[in-house]
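> My structure is in run12.csv, and what it holds is CSV, C-alpha atoms:
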chain,number,residue,atom,x,y,z
B,1,MET,CA,-87.5,-128.8,10.1
B,2,SER,CA,-88.9,-125.8,8.2
B,3,PHE,CA,-92.4,-127.3,8.1
B,4,LEU,CA,-92.7,-127.7,11.9
B,5,PRO,CA,-94.6,-124.4,12.6
B,6,TYR,CA,-97.2,-125.4,9.9
B,7,ALA,CA,-97.4,-128.9,11.5
B,8,VAL,CA,-98.1,-127.3,14.9
B,9,ALA,CA,-100.9,-125.1,13.3
B,10,ALA,CA,-102.5,-128.2,11.7
B,11,TRP,CA,-102.2,-130.2,14.9
B,12,LEU,CA,-103.9,-127.4,17.0
B,13,PHE,CA,-106.7,-127.2,14.4
B,14,VAL,CA,-107.4,-130.9,14.3
B,15,ILE,CA,-107.1,-131.6,18.1
B,16,GLY,CA,-109.4,-128.6,18.7
B,17,LEU,CA,-111.9,-130.0,16.2
B,18,TYR,CA,-111.7,-133.4,17.8
B,19,GLY,CA,-112.5,-131.8,21.2
B,20,ILE,CA,-115.5,-130.0,19.7
B,21,VAL,CA,-116.8,-133.2,18.1
B,22,THR,CA,-116.5,-135.3,21.3
B,23,SER,CA,-117.4,-132.5,23.7
B,24,ARG,CA,-120.0,-133.3,26.5
B,25,ASN,CA,-120.0,-129.8,27.9
B,26,LEU,CA,-120.7,-126.5,26.1
B,27,VAL,CA,-118.1,-124.6,28.1
B,28,HIS,CA,-115.5,-127.3,27.1
B,29,LEU,CA,-116.7,-126.9,23.6
B,30,VAL,CA,-116.1,-123.2,23.6
B,31,VAL,CA,-112.6,-123.7,24.9
B,32,CYS,CA,-111.9,-126.3,22.1
B,33,LEU,CA,-113.1,-123.7,19.6
B,34,SER,CA,-110.5,-121.2,20.9
B,35,VAL,CA,-107.9,-124.0,20.5
B,36,VAL,CA,-108.9,-124.3,16.9
B,37,GLN,CA,-108.7,-120.5,16.5
B,38,SER,CA,-105.2,-120.4,18.1
B,39,SER,CA,-104.0,-122.5,15.2
B,40,THR,CA,-104.6,-119.5,13.0
B,41,TYR,CA,-102.3,-117.4,15.1
B,42,VAL,CA,-99.5,-119.9,14.7
B,43,LEU,CA,-100.2,-120.2,11.0
B,44,LEU,CA,-100.2,-116.4,10.4
B,45,LEU,CA,-97.1,-115.7,12.5
B,46,ALA,CA,-95.3,-118.7,10.9
B,47,ILE,CA,-96.0,-117.3,7.4
B,48,GLY,CA,-94.6,-113.9,8.2
B,49,TYR,CA,-91.4,-115.1,9.7
B,50,ARG,CA,-88.1,-114.3,8.0
B,51,SER,CA,-85.0,-116.2,9.0
B,52,GLY,CA,-82.9,-114.1,11.3
B,53,GLY,CA,-85.4,-111.4,11.5
B,54,THR,CA,-86.2,-109.6,14.8
B,55,ALA,CA,-89.5,-108.1,15.9
B,56,PRO,CA,-90.6,-105.1,13.8
B,57,ILE,CA,-89.9,-102.7,16.7
B,58,PHE,CA,-87.3,-100.1,16.0
B,59,ALA,CA,-87.0,-98.7,19.5
B,60,ASP,CA,-83.4,-100.1,19.9
B,61,VAL,CA,-82.4,-101.4,16.5
B,62,SER,CA,-81.6,-99.5,13.3
B,63,THR,CA,-84.4,-99.0,10.8
B,64,THR,CA,-82.6,-101.1,8.2
B,65,THR,CA,-82.5,-104.2,10.4
B,66,LYS,CA,-84.1,-107.3,8.9
B,67,VAL,CA,-87.5,-107.8,10.6
B,68,VAL,CA,-90.4,-110.2,10.4
B,69,ASP,CA,-93.6,-109.1,8.7
B,70,PRO,CA,-95.6,-106.6,10.7
B,71,ILE,CA,-98.8,-107.2,8.8
B,72,VAL,CA,-99.3,-110.7,10.0
B,73,ALA,CA,-98.7,-109.5,13.6
B,74,THR,CA,-101.5,-106.9,13.0
B,75,LEU,CA,-103.8,-109.6,11.5
B,76,THR,CA,-103.1,-111.8,14.5
B,77,LEU,CA,-104.1,-109.0,16.8
B,78,THR,CA,-107.4,-108.7,15.0
B,79,ASP,CA,-107.8,-112.5,15.2
B,80,VAL,CA,-107.3,-112.4,19.0
B,81,VAL,CA,-109.9,-109.7,19.4
B,82,VAL,CA,-112.4,-111.6,17.2
B,83,GLU,CA,-111.7,-114.8,19.2
B,84,ALA,CA,-112.4,-113.0,22.5
B,85,THR,CA,-115.7,-111.7,21.2
B,86,VAL,CA,-116.8,-115.1,19.8
B,87,VAL,CA,-115.9,-116.8,23.1
B,88,ALA,CA,-117.9,-114.2,25.0
B,89,LEU,CA,-121.0,-114.5,22.9
B,90,LEU,CA,-120.8,-118.3,22.9
B,91,LEU,CA,-120.4,-118.5,26.7
B,92,ALA,CA,-123.5,-116.2,27.0
B,93,LEU,CA,-125.4,-118.6,24.8
B,94,ALA,CA,-124.2,-121.5,27.0
B,95,VAL,CA,-125.6,-119.7,30.0
B,96,GLN,CA,-128.9,-119.4,28.2
B,97,ALA,CA,-128.8,-123.0,27.1
B,98,HIS,CA,-128.1,-124.1,30.7
B,99,ARG,CA,-131.1,-122.1,31.9
B,100,ARG,CA,-133.3,-123.5,29.2
B,101,PHE,CA,-132.4,-127.2,29.4
B,102,GLY,CA,-130.8,-127.5,32.9
B,103,THR,CA,-127.7,-129.1,31.4
B,104,LEU,CA,-124.6,-128.2,29.5
B,105,ASP,CA,-124.3,-131.5,27.7
B,106,PRO,CA,-125.2,-131.0,24.0
B,107,ASN,CA,-126.4,-134.7,23.8
B,108,GLU,CA,-129.0,-134.3,26.5
B,109,MET,CA,-130.2,-131.1,24.9
B,110,GLY,CA,-131.0,-133.0,21.8
B,111,ALA,CA,-132.8,-135.6,23.7
B,112,LEU,CA,-135.0,-133.1,25.5
B,113,ARG,CA,-136.1,-131.5,22.3
B,114,GLY,CA,-137.9,-134.6,21.0
D,1,MET,CA,-137.9,-123.7,33.2
D,2,SER,CA,-134.7,-125.7,33.9
D,3,GLU,CA,-136.2,-127.5,36.9
D,4,HIS,CA,-139.0,-128.7,34.6
D,5,GLY,CA,-136.3,-129.9,32.2
D,6,GLN,CA,-134.5,-131.8,34.8
D,7,ARG,CA,-137.6,-133.5,35.9
D,8,ALA,CA,-138.3,-134.5,32.4
D,9,VAL,CA,-134.8,-136.1,32.2
D,10,ARG,CA,-135.4,-138.0,35.5
D,11,GLU,CA,-138.8,-139.3,34.4
D,12,ALA,CA,-137.3,-140.5,31.2
D,13,SER,CA,-134.4,-142.2,32.8
D,14,PRO,CA,-136.0,-145.6,33.9
D,15,GLY,CA,-136.5,-146.7,30.3
D,16,ALA,CA,-133.3,-145.0,29.1
D,17,GLY,CA,-131.5,-148.1,27.8
D,18,GLN,CA,-132.8,-147.4,24.3
D,19,GLU,CA,-132.0,-143.8,24.6
D,20,GLN,CA,-128.5,-144.7,25.7
D,21,ALA,CA,-128.0,-147.0,22.7
D,22,ARG,CA,-129.2,-144.2,20.3
D,23,LEU,CA,-126.7,-141.8,21.8
D,24,VAL,CA,-123.8,-144.3,21.5
D,25,SER,CA,-124.6,-145.0,17.9
D,26,SER,CA,-125.0,-141.3,17.1
D,27,GLU,CA,-121.6,-140.7,18.8
D,28,ARG,CA,-120.1,-143.5,16.7
D,29,PHE,CA,-121.6,-142.0,13.5
D,30,ARG,CA,-120.2,-138.6,14.5
D,31,MET,CA,-116.7,-140.0,14.9
D,32,VAL,CA,-116.8,-141.7,11.5
D,33,LEU,CA,-117.9,-138.4,10.0
D,34,PHE,CA,-115.2,-136.6,11.8
D,35,GLY,CA,-112.6,-139.1,10.7
D,36,ALA,CA,-113.6,-138.8,7.1
D,37,GLY,CA,-113.6,-135.0,7.4
D,38,VAL,CA,-110.1,-134.9,9.0
D,39,LEU,CA,-108.6,-137.2,6.3
D,40,GLY,CA,-110.1,-134.9,3.6
D,41,PHE,CA,-108.8,-131.8,5.5
D,42,ALA,CA,-105.4,-133.3,5.9
D,43,ALA,CA,-105.1,-134.0,2.1
D,44,VAL,CA,-106.1,-130.4,1.2
D,45,LEU,CA,-103.8,-129.0,4.0
D,46,VAL,CA,-100.7,-130.9,2.8
D,47,TRP,CA,-101.5,-129.7,-0.8
D,48,GLY,CA,-102.0,-126.1,0.4
D,49,LEU,CA,-98.9,-126.0,2.7
D,50,GLY,CA,-96.8,-127.4,-0.1
D,51,GLY,CA,-97.4,-124.2,-2.0
D,52,LEU,CA,-96.4,-121.9,0.9
D,53,PRO,CA,-92.9,-120.4,1.1
D,54,ASP,CA,-90.6,-122.4,3.3
D,55,PHE,CA,-90.6,-121.3,6.9
D,56,GLY,CA,-88.4,-118.2,7.2
D,57,ASP,CA,-88.4,-117.5,3.5
D,58,PHE,CA,-91.4,-115.1,3.3
D,59,ALA,CA,-90.7,-112.5,0.7
D,60,GLY,CA,-93.9,-110.3,0.9
D,61,ARG,CA,-92.8,-106.8,-0.1
D,62,TYR,CA,-95.7,-105.0,1.4
D,63,GLY,CA,-94.8,-105.9,5.0
D,64,GLN,CA,-91.2,-105.0,4.5
D,65,TYR,CA,-92.1,-101.7,2.9
D,66,LEU,CA,-94.4,-100.8,5.8
D,67,ALA,CA,-91.8,-101.9,8.4
D,68,HIS,CA,-89.1,-99.7,6.9
D,69,THR,CA,-91.2,-96.7,6.3
D,70,THR,CA,-92.6,-96.7,9.8
D,71,VAL,CA,-89.9,-94.6,11.4
D,72,PRO,CA,-89.1,-92.2,8.5
D,73,ALA,CA,-92.8,-91.5,7.7
D,74,ARG,CA,-94.5,-91.7,11.1
D,75,HIS,CA,-91.7,-91.1,13.7
D,76,ALA,CA,-93.1,-94.0,15.8
D,77,THR,CA,-90.9,-97.1,16.4
D,78,SER,CA,-93.4,-99.9,16.7
D,79,ALA,CA,-94.2,-101.1,13.1
D,80,VAL,CA,-97.0,-103.3,14.4
D,81,SER,CA,-98.8,-100.3,16.1
D,82,VAL,CA,-98.3,-98.1,13.1
D,83,THR,CA,-99.6,-100.7,10.8
D,84,THR,CA,-102.6,-101.3,13.1
D,85,PHE,CA,-103.5,-97.7,13.8
D,86,ASP,CA,-102.3,-95.9,10.7
D,87,PHE,CA,-101.7,-97.9,7.6
D,88,ARG,CA,-104.6,-100.2,8.4
D,89,GLY,CA,-106.5,-97.8,10.6
D,90,VAL,CA,-109.9,-98.4,9.1
D,91,ASP,CA,-109.5,-102.1,9.7
D,92,THR,CA,-108.9,-101.5,13.4
D,93,LEU,CA,-111.8,-99.1,13.6
D,94,VAL,CA,-114.1,-102.0,12.5
D,95,GLU,CA,-112.3,-104.4,14.8
D,96,GLU,CA,-113.0,-102.1,17.7
D,97,PHE,CA,-116.6,-102.0,16.8
D,98,ILE,CA,-116.8,-105.8,16.6
D,99,LEU,CA,-115.7,-105.8,20.3
D,100,PHE,CA,-118.3,-103.1,21.1
D,101,THR,CA,-121.1,-105.0,19.3
D,102,ALA,CA,-120.1,-108.2,21.1
D,103,ALA,CA,-120.3,-106.6,24.5
D,104,VAL,CA,-123.7,-105.2,23.6
D,105,GLY,CA,-124.8,-108.6,22.3
D,106,VAL,CA,-123.8,-110.4,25.5
D,107,VAL,CA,-125.5,-107.8,27.7
D,108,ALA,CA,-128.7,-108.2,25.5
D,109,LEU,CA,-128.5,-112.0,25.8
D,110,LEU,CA,-128.0,-112.1,29.5
D,111,ARG,CA,-130.2,-109.1,30.7
D,112,VAL,CA,-133.4,-110.1,29.0
D,113,GLN,CA,-133.7,-113.0,31.3
D,114,ARG,CA,-133.0,-111.0,34.4
D,115,ALA,CA,-136.0,-108.8,33.8
D,116,SER,CA,-138.4,-111.7,33.6
D,117,GLU,CA,-137.6,-114.8,35.4
D,118,GLU,CA,-134.8,-114.1,37.8
D,119,VAL,CA,-134.3,-112.3,41.1
D,120,PRO,CA,-131.1,-111.6,43.0
D,121,ALA,CA,-129.9,-114.6,45.1
D,122,GLU,CA,-129.3,-112.3,48.1
D,123,PRO,CA,-130.6,-108.9,49.2
D,124,GLU,CA,-129.1,-106.0,47.4
D,125,SER,CA,-127.8,-104.5,50.6
D,126,THR,CA,-125.5,-107.5,51.3
D,127,ARG,CA,-121.8,-106.6,51.4
D,128,ARG,CA,-119.7,-109.6,52.1
D,129,PRO,CA,-116.0,-110.0,51.3
D,130,THR,CA,-115.4,-111.7,47.9
D,131,ALA,CA,-112.5,-113.8,49.1
D,132,ARG,CA,-112.5,-115.4,52.6
D,133,SER,CA,-108.7,-115.4,53.4
D,134,GLY,CA,-107.5,-112.0,54.7
D,135,ALA,CA,-104.0,-112.6,53.4
D,136,LEU,CA,-105.3,-113.3,49.9
D,137,ARG,CA,-107.3,-110.1,50.0
D,138,SER,CA,-104.3,-108.0,51.2
D,139,LEU,CA,-102.2,-109.5,48.4
D,140,ILE,CA,-104.8,-108.8,45.8
D,141,THR,CA,-105.3,-105.3,47.0
D,142,ALA,CA,-101.6,-104.6,46.9
D,143,LEU,CA,-101.4,-105.8,43.3
D,144,VAL,CA,-104.1,-103.3,42.1
D,145,ALA,CA,-101.9,-100.2,41.8
D,146,PRO,CA,-98.9,-101.9,40.1
D,147,THR,CA,-101.2,-103.6,37.6
D,148,LEU,CA,-102.9,-100.3,36.9
D,149,VAL,CA,-99.6,-98.6,36.3
D,150,LEU,CA,-98.4,-101.4,34.0
D,151,GLY,CA,-101.6,-101.1,32.0
D,152,VAL,CA,-101.3,-97.4,31.6
D,153,ASP,CA,-97.6,-97.8,30.6
D,154,ILE,CA,-98.5,-100.4,28.0
D,155,VAL,CA,-101.2,-98.2,26.5
D,156,LEU,CA,-99.1,-95.0,26.4
D,157,HIS,CA,-96.0,-96.7,24.9
D,158,GLY,CA,-97.9,-98.6,22.3
D,159,HIS,CA,-96.4,-96.6,19.4
D,160,LEU,CA,-92.8,-97.1,20.7
D,161,THR,CA,-92.5,-100.7,22.1
D,162,PRO,CA,-94.7,-103.8,21.9
D,163,GLY,CA,-98.1,-103.1,23.4
D,164,GLY,CA,-100.9,-100.7,22.7
D,165,GLY,CA,-104.5,-100.1,23.4
D,166,PHE,CA,-105.7,-103.7,23.0
D,167,GLN,CA,-103.0,-105.2,25.1
D,168,GLY,CA,-103.0,-102.5,27.7
D,169,GLY,CA,-106.7,-102.4,27.9
D,170,VAL,CA,-106.8,-106.0,29.0
D,171,ILE,CA,-104.3,-105.3,31.7
D,172,LEU,CA,-106.3,-102.3,32.9
D,173,MET,CA,-109.4,-104.4,33.0
D,174,SER,CA,-107.5,-107.0,35.2
D,175,ALA,CA,-106.4,-104.2,37.5
D,176,LEU,CA,-110.0,-103.1,38.1
D,177,PHE,CA,-111.1,-106.7,38.3
D,178,LEU,CA,-108.7,-107.2,41.2
D,179,VAL,CA,-110.5,-104.4,43.0
D,180,TYR,CA,-113.6,-106.6,42.8
D,181,LEU,CA,-111.7,-109.8,43.8
D,182,GLY,CA,-110.1,-108.2,46.8
D,183,GLY,CA,-113.0,-106.0,47.9
D,184,THR,CA,-116.4,-106.6,49.1
D,185,HIS,CA,-119.1,-108.1,47.1
D,186,LEU,CA,-121.7,-105.5,46.2
D,187,GLY,CA,-124.4,-107.8,44.8
D,188,LEU,CA,-126.5,-106.2,42.2
D,189,GLY,CA,-127.0,-102.9,44.1
D,190,PRO,CA,-126.6,-99.4,42.7
D,191,LEU,CA,-123.0,-99.1,44.0
D,192,ARG,CA,-121.6,-101.1,41.2
D,193,PRO,CA,-120.0,-98.8,38.7
D,194,MET,CA,-121.8,-100.2,35.6
D,195,GLY,CA,-122.4,-96.7,34.3
D,196,ALA,CA,-118.7,-95.8,34.5
D,197,MET,CA,-117.8,-99.0,32.6
D,198,GLU,CA,-120.4,-98.3,29.9
D,199,ALA,CA,-119.1,-94.7,29.7
D,200,ALA,CA,-115.5,-95.9,29.3
D,201,GLU,CA,-116.5,-98.3,26.5
D,202,GLY,CA,-118.6,-95.7,24.7
D,203,VAL,CA,-116.0,-92.9,25.0
D,204,GLY,CA,-113.3,-95.3,23.7
D,205,ALA,CA,-115.3,-96.4,20.7
D,206,ALA,CA,-116.6,-92.9,19.9
D,207,GLY,CA,-113.1,-91.5,20.5
D,208,PHE,CA,-111.6,-93.6,17.8
D,209,ALA,CA,-114.3,-92.7,15.3
D,210,LEU,CA,-114.0,-89.0,16.2
D,211,ILE,CA,-110.2,-88.9,15.8
D,212,GLY,CA,-110.8,-90.4,12.4
D,213,LEU,CA,-113.3,-87.7,11.6
D,214,ALA,CA,-110.9,-85.0,12.8
D,215,GLY,CA,-108.5,-86.4,10.2
D,216,LEU,CA,-111.2,-86.0,7.6
D,217,ILE,CA,-111.9,-82.4,8.5
D,218,ILE,CA,-108.3,-81.2,9.1
D,219,ALA,CA,-106.2,-83.3,6.8
D,220,GLY,CA,-108.7,-84.3,4.1
D,221,ALA,CA,-109.0,-88.1,4.6
D,222,TYR,CA,-110.6,-90.3,7.2
D,223,LEU,CA,-108.1,-91.4,9.9
D,224,GLN,CA,-105.4,-89.3,8.2
D,225,ASN,CA,-102.9,-88.0,10.7
D,226,PHE,CA,-103.5,-84.3,11.6
D,227,LEU,CA,-101.0,-83.9,14.5
D,228,PRO,CA,-97.3,-83.2,14.3
D,229,PHE,CA,-95.2,-86.4,14.3
D,230,GLY,CA,-92.7,-85.3,16.9
D,231,ALA,CA,-89.2,-86.8,17.4
D,232,PRO,CA,-88.8,-90.6,17.0
D,233,SER,CA,-88.6,-92.6,20.3
D,234,HIS,CA,-90.2,-89.8,22.3
D,235,LEU,CA,-93.4,-90.4,24.2
D,236,VAL,CA,-95.1,-87.7,22.2
D,237,SER,CA,-94.5,-88.9,18.7
D,238,GLY,CA,-96.4,-90.8,15.9
D,239,GLY,CA,-99.1,-88.1,15.5
D,240,ALA,CA,-102.5,-89.4,16.4
D,241,ILE,CA,-101.4,-93.0,17.1
D,242,PRO,CA,-101.0,-92.5,20.9
D,243,LEU,CA,-104.5,-90.9,21.0
D,244,LEU,CA,-106.0,-93.9,19.1
D,245,ASN,CA,-104.2,-96.2,21.5
D,246,ILE,CA,-105.8,-94.5,24.5
D,247,ALA,CA,-109.2,-94.6,22.9
D,248,VAL,CA,-108.8,-98.4,22.2
D,249,GLY,CA,-107.5,-99.0,25.7
D,250,LEU,CA,-110.6,-97.4,27.2
D,251,GLU,CA,-112.9,-99.3,24.9
D,252,VAL,CA,-111.3,-102.7,25.5
D,253,MET,CA,-111.2,-102.1,29.3
D,254,GLY,CA,-114.8,-101.0,29.4
D,255,ALA,CA,-116.1,-103.8,27.1
D,256,LEU,CA,-114.2,-106.6,29.0
D,257,LEU,CA,-115.4,-105.2,32.4
D,258,ILE,CA,-119.0,-105.2,31.2
D,259,LEU,CA,-118.6,-108.8,30.0
D,260,ALA,CA,-117.0,-109.9,33.3
D,261,ALA,CA,-119.7,-108.1,35.3
D,262,GLU,CA,-122.5,-109.7,33.2
D,263,PHE,CA,-121.1,-113.2,33.7
D,264,LEU,CA,-120.5,-112.7,37.4
D,265,ASP,CA,-124.1,-111.5,37.8
D,266,GLN,CA,-125.3,-114.8,36.4
D,267,ARG,CA,-123.8,-116.5,39.5
D,268,LEU,CA,-125.7,-114.2,41.8
D,269,LEU,CA,-129.1,-114.7,40.2
D,270,MET,CA,-131.5,-117.4,41.1
D,271,HIS,CA,-134.6,-118.7,39.4
D,272,ARG,CA,-137.7,-117.4,41.1
D,273,GLY,CA,-139.1,-120.9,41.3
D,274,LYS,CA,-136.2,-122.2,43.4
D,275,LEU,CA,-136.7,-119.7,46.2
If you took the structure in this file and wrote it as structure tokens, what would it be?

Amino acid sequence: MSFLPYAVAAWLFVIGLYGIVTSRNLVHLVVCLSVVQSSTYVLLLAIGYRSGGTAPIFADVSTTTKVVDPIVATLTLTDVVVEATVVALLLALAVQAHRRFGTLDPNEMGALRG
Amino acid sequence: MSEHGQRAVREASPGAGQEQARLVSSERFRMVLFGAGVLGFAAVLVWGLGGLPDFGDFAGRYGQYLAHTTVPARHATSAVSVTTFDFRGVDTLVEEFILFTAAVGVVALLRVQRASEEVPAEPESTRRPTARSGALRSLITALVAPTLVLGVDIVLHGHLTPGGGFQGGVILMSALFLVYLGGTHLGLGPLRPMGAMEAAEGVGAAGFALIGLAGLIIAGAYLQNFLPFGAPSHLVSGGAIPLLNIAVGLEVMGALLILAAEFLDQRLLMHRGKL
């Protein structure tokens, strides 16, 4: 079962992408994008895992304890921050789009432009 | 603008059968394209994952080296925090400024409109409760102080246990947001502490950069530690890392509060045409 975390990451990526492609609402689309991005958290943390390792926090364990990789945890933190900013900016754009077109459905926006 | 757009849709709708057919076929085309893309992606993914180490067998030495030098070299017990704020401090500086820039971007996107087309939906002097139920409001108000304490705790212990400025900042933001949810609605009036939020964000972002600069001046390299490391597992340990955590906590709290306030304002605005 050692491939399971990678399979979860791939599944999150694809299902999020499917949501984006079929989305009829910009807010829903932004949420789907965050699902896609969450697959990268799973992938990063899965790569850094070491069998039997604990969290790289030495508050109550000896400094020689086997721990998982702290760098992927740091990268995941960066990833979360980036996702938060991307979602905020896209939601602001969705607000603007709703104001401009009176709808959040990307299909209807295309129809209006013509 | 939007009303005009809606009218255009309504006028177009009687002969919309053709339009509908075009949309359906465009959707079908999109799904075919998506299916082909996913198959290609799956092939590349299986190929790529095949080259990864088995789950649990990761042997990257850099991470292990950092994890095991954290306590001897920095006297702080959270390897993740030390990696974030010390070994990879410059990376985090940029990350913090990404958040700062995004908050500015959202404000710019949403405020332009306010100046031109829109007016407050209600008089600025209105002060009505945000939540209708009194019990709900009491509960929310009771939660403010514990949430605030939790946030401060998470920020201050970032170098010892899981947590830090980013995580604690989000909790601090929720605590202050609870004040809004349980309190009275201030509309767009001057009582809203927008200035304080912007100050918190600015002080946090500048604080991180200035602590880095202090390292350059005192210790000879940007973000180099210039404070005594203290004893491991003590609240005051890890050199400048706790200070960096506090700066990030303020920045995250300020930025998220500004974002939330801007989005809330959108609900309170109306198009001038609709009045």
> Find the residues near Lys66 in chain B: any atom within 8 Å, counting only C-alpha atoms, skip ones fewer than 4 places away on the same chain, and give them as a PyMOL selection string.
chain B and resi 52-54
> Would you compute the distance between CA of Val8 in chain B and CA of Leu43 in chain B? Give it in Å to one decimal.
8.4 Å
> Would you list which chain D residues are within 8 Å of chain B using all atoms listed in the file, as a PyMOL selection string?
chain D and resi 1-3+5-6+8-9+23+27+30-31+34+38+45+49+52-60+63-64+66-68+71+77-81+83-84+92+95+98-99+102-103+105-106+109-110+160-162+233+259+263
> Residues as selected, C-alpha atoms, written as a tab-separated table (two decimals), keeping the file's coordinate frame, can you do that?

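As written to disk, out27.tsv reads:
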chain	number	residue	atom	x	y	z
D	1	MET	CA	-137.90	-123.70	33.20
D	2	SER	CA	-134.70	-125.70	33.90
D	3	GLU	CA	-136.20	-127.50	36.90
D	5	GLY	CA	-136.30	-129.90	32.20
D	6	GLN	CA	-134.50	-131.80	34.80
D	8	ALA	CA	-138.30	-134.50	32.40
D	9	VAL	CA	-134.80	-136.10	32.20
D	23	LEU	CA	-126.70	-141.80	21.80
D	27	GLU	CA	-121.60	-140.70	18.80
D	30	ARG	CA	-120.20	-138.60	14.50
D	31	MET	CA	-116.70	-140.00	14.90
D	34	PHE	CA	-115.20	-136.60	11.80
D	38	VAL	CA	-110.10	-134.90	9.00
D	45	LEU	CA	-103.80	-129.00	4.00
D	49	LEU	CA	-98.90	-126.00	2.70
D	52	LEU	CA	-96.40	-121.90	0.90
D	53	PRO	CA	-92.90	-120.40	1.10
D	54	ASP	CA	-90.60	-122.40	3.30
D	55	PHE	CA	-90.60	-121.30	6.90
D	56	GLY	CA	-88.40	-118.20	7.20
D	57	ASP	CA	-88.40	-117.50	3.50
D	58	PHE	CA	-91.40	-115.10	3.30
D	59	ALA	CA	-90.70	-112.50	0.70
D	60	GLY	CA	-93.90	-110.30	0.90
D	63	GLY	CA	-94.80	-105.90	5.00
D	64	GLN	CA	-91.20	-105.00	4.50
D	66	LEU	CA	-94.40	-100.80	5.80
D	67	ALA	CA	-91.80	-101.90	8.40
D	68	HIS	CA	-89.10	-99.70	6.90
D	71	VAL	CA	-89.90	-94.60	11.40
D	77	THR	CA	-90.90	-97.10	16.40
D	78	SER	CA	-93.40	-99.90	16.70
D	79	ALA	CA	-94.20	-101.10	13.10
D	80	VAL	CA	-97.00	-103.30	14.40
D	81	SER	CA	-98.80	-100.30	16.10
D	83	THR	CA	-99.60	-100.70	10.80
D	84	THR	CA	-102.60	-101.30	13.10
D	92	THR	CA	-108.90	-101.50	13.40
D	95	GLU	CA	-112.30	-104.40	14.80
D	98	ILE	CA	-116.80	-105.80	16.60
D	99	LEU	CA	-115.70	-105.80	20.30
D	102	ALA	CA	-120.10	-108.20	21.10
D	103	ALA	CA	-120.30	-106.60	24.50
D	105	GLY	CA	-124.80	-108.60	22.30
D	106	VAL	CA	-123.80	-110.40	25.50
D	109	LEU	CA	-128.50	-112.00	25.80
D	110	LEU	CA	-128.00	-112.10	29.50
D	160	LEU	CA	-92.80	-97.10	20.70
D	161	THR	CA	-92.50	-100.70	22.10
D	162	PRO	CA	-94.70	-103.80	21.90
D	233	SER	CA	-88.60	-92.60	20.30
D	259	LEU	CA	-118.60	-108.80	30.00
D	263	PHE	CA	-121.10	-113.20	33.70
> Between CA of Gly164 in chain D and CA of Val152 in chain D, what distance in Å does the model show, to one decimal?
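Calculated distance between CA of Gly164 in chain D and CA of Val152 in chain D is 9.5 Å.
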> Skip Gly168 in chain D itself and residues of its chain fewer than 4 positions away, then list as a list in words all residues within 10 Å of it, counting only C-alpha atoms.
Leu148, Leu150, Gly151, Val152, Asp153, Ile154, Val155, Leu156, His157, Gly158, Gly163, Gly164, Leu172, Met173, Ser174, Asn245, Ile246, Val248, Gly249, Leu250, Val252 and Met253 of chain D
> Within 10 Å of Ile20 in chain B, counting all atoms listed in the file, which residues show up once you throw out same-chain ones fewer than 5 positions away? Write them as a PyMOL selection string, please.
chain B and resi 14-15+25-26+28-33+35-36
> Could you tell me how far CA of Gly165 in chain D lies from CA of Arg61 in chain D, in Å and to one decimal?
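Straight-line distance from CA of Gly165 in chain D to CA of Arg61 in chain D works out to 27.1 Å.
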> Using all atoms listed in the file, which of D:Ala209, D:Gly182, D:Gly204, D:Val82 sits nearest Ser133 in chain D?
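Of D:Ala209, D:Gly182, D:Gly204, D:Val82, the one nearest Ser133 in chain D is D:Gly182, counting all atoms listed in the file.
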> Any idea what's packed within 10 Å of Ala145 in chain D, counting only C-alpha atoms, ignoring anything in its chain fewer than 4 positions away? Could you give it as a list in words?
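Result of the neighbour search: Ile140, Thr141, Val149, Leu150, Gly151, Ala175, Leu176, Leu178 and Val179 of chain D.
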> Hey, which of B:Val27, B:Ser39, B:Leu45, B:Gly19 ends up closest to Ala94 in chain B? Count only C-alpha atoms.
B:Val27
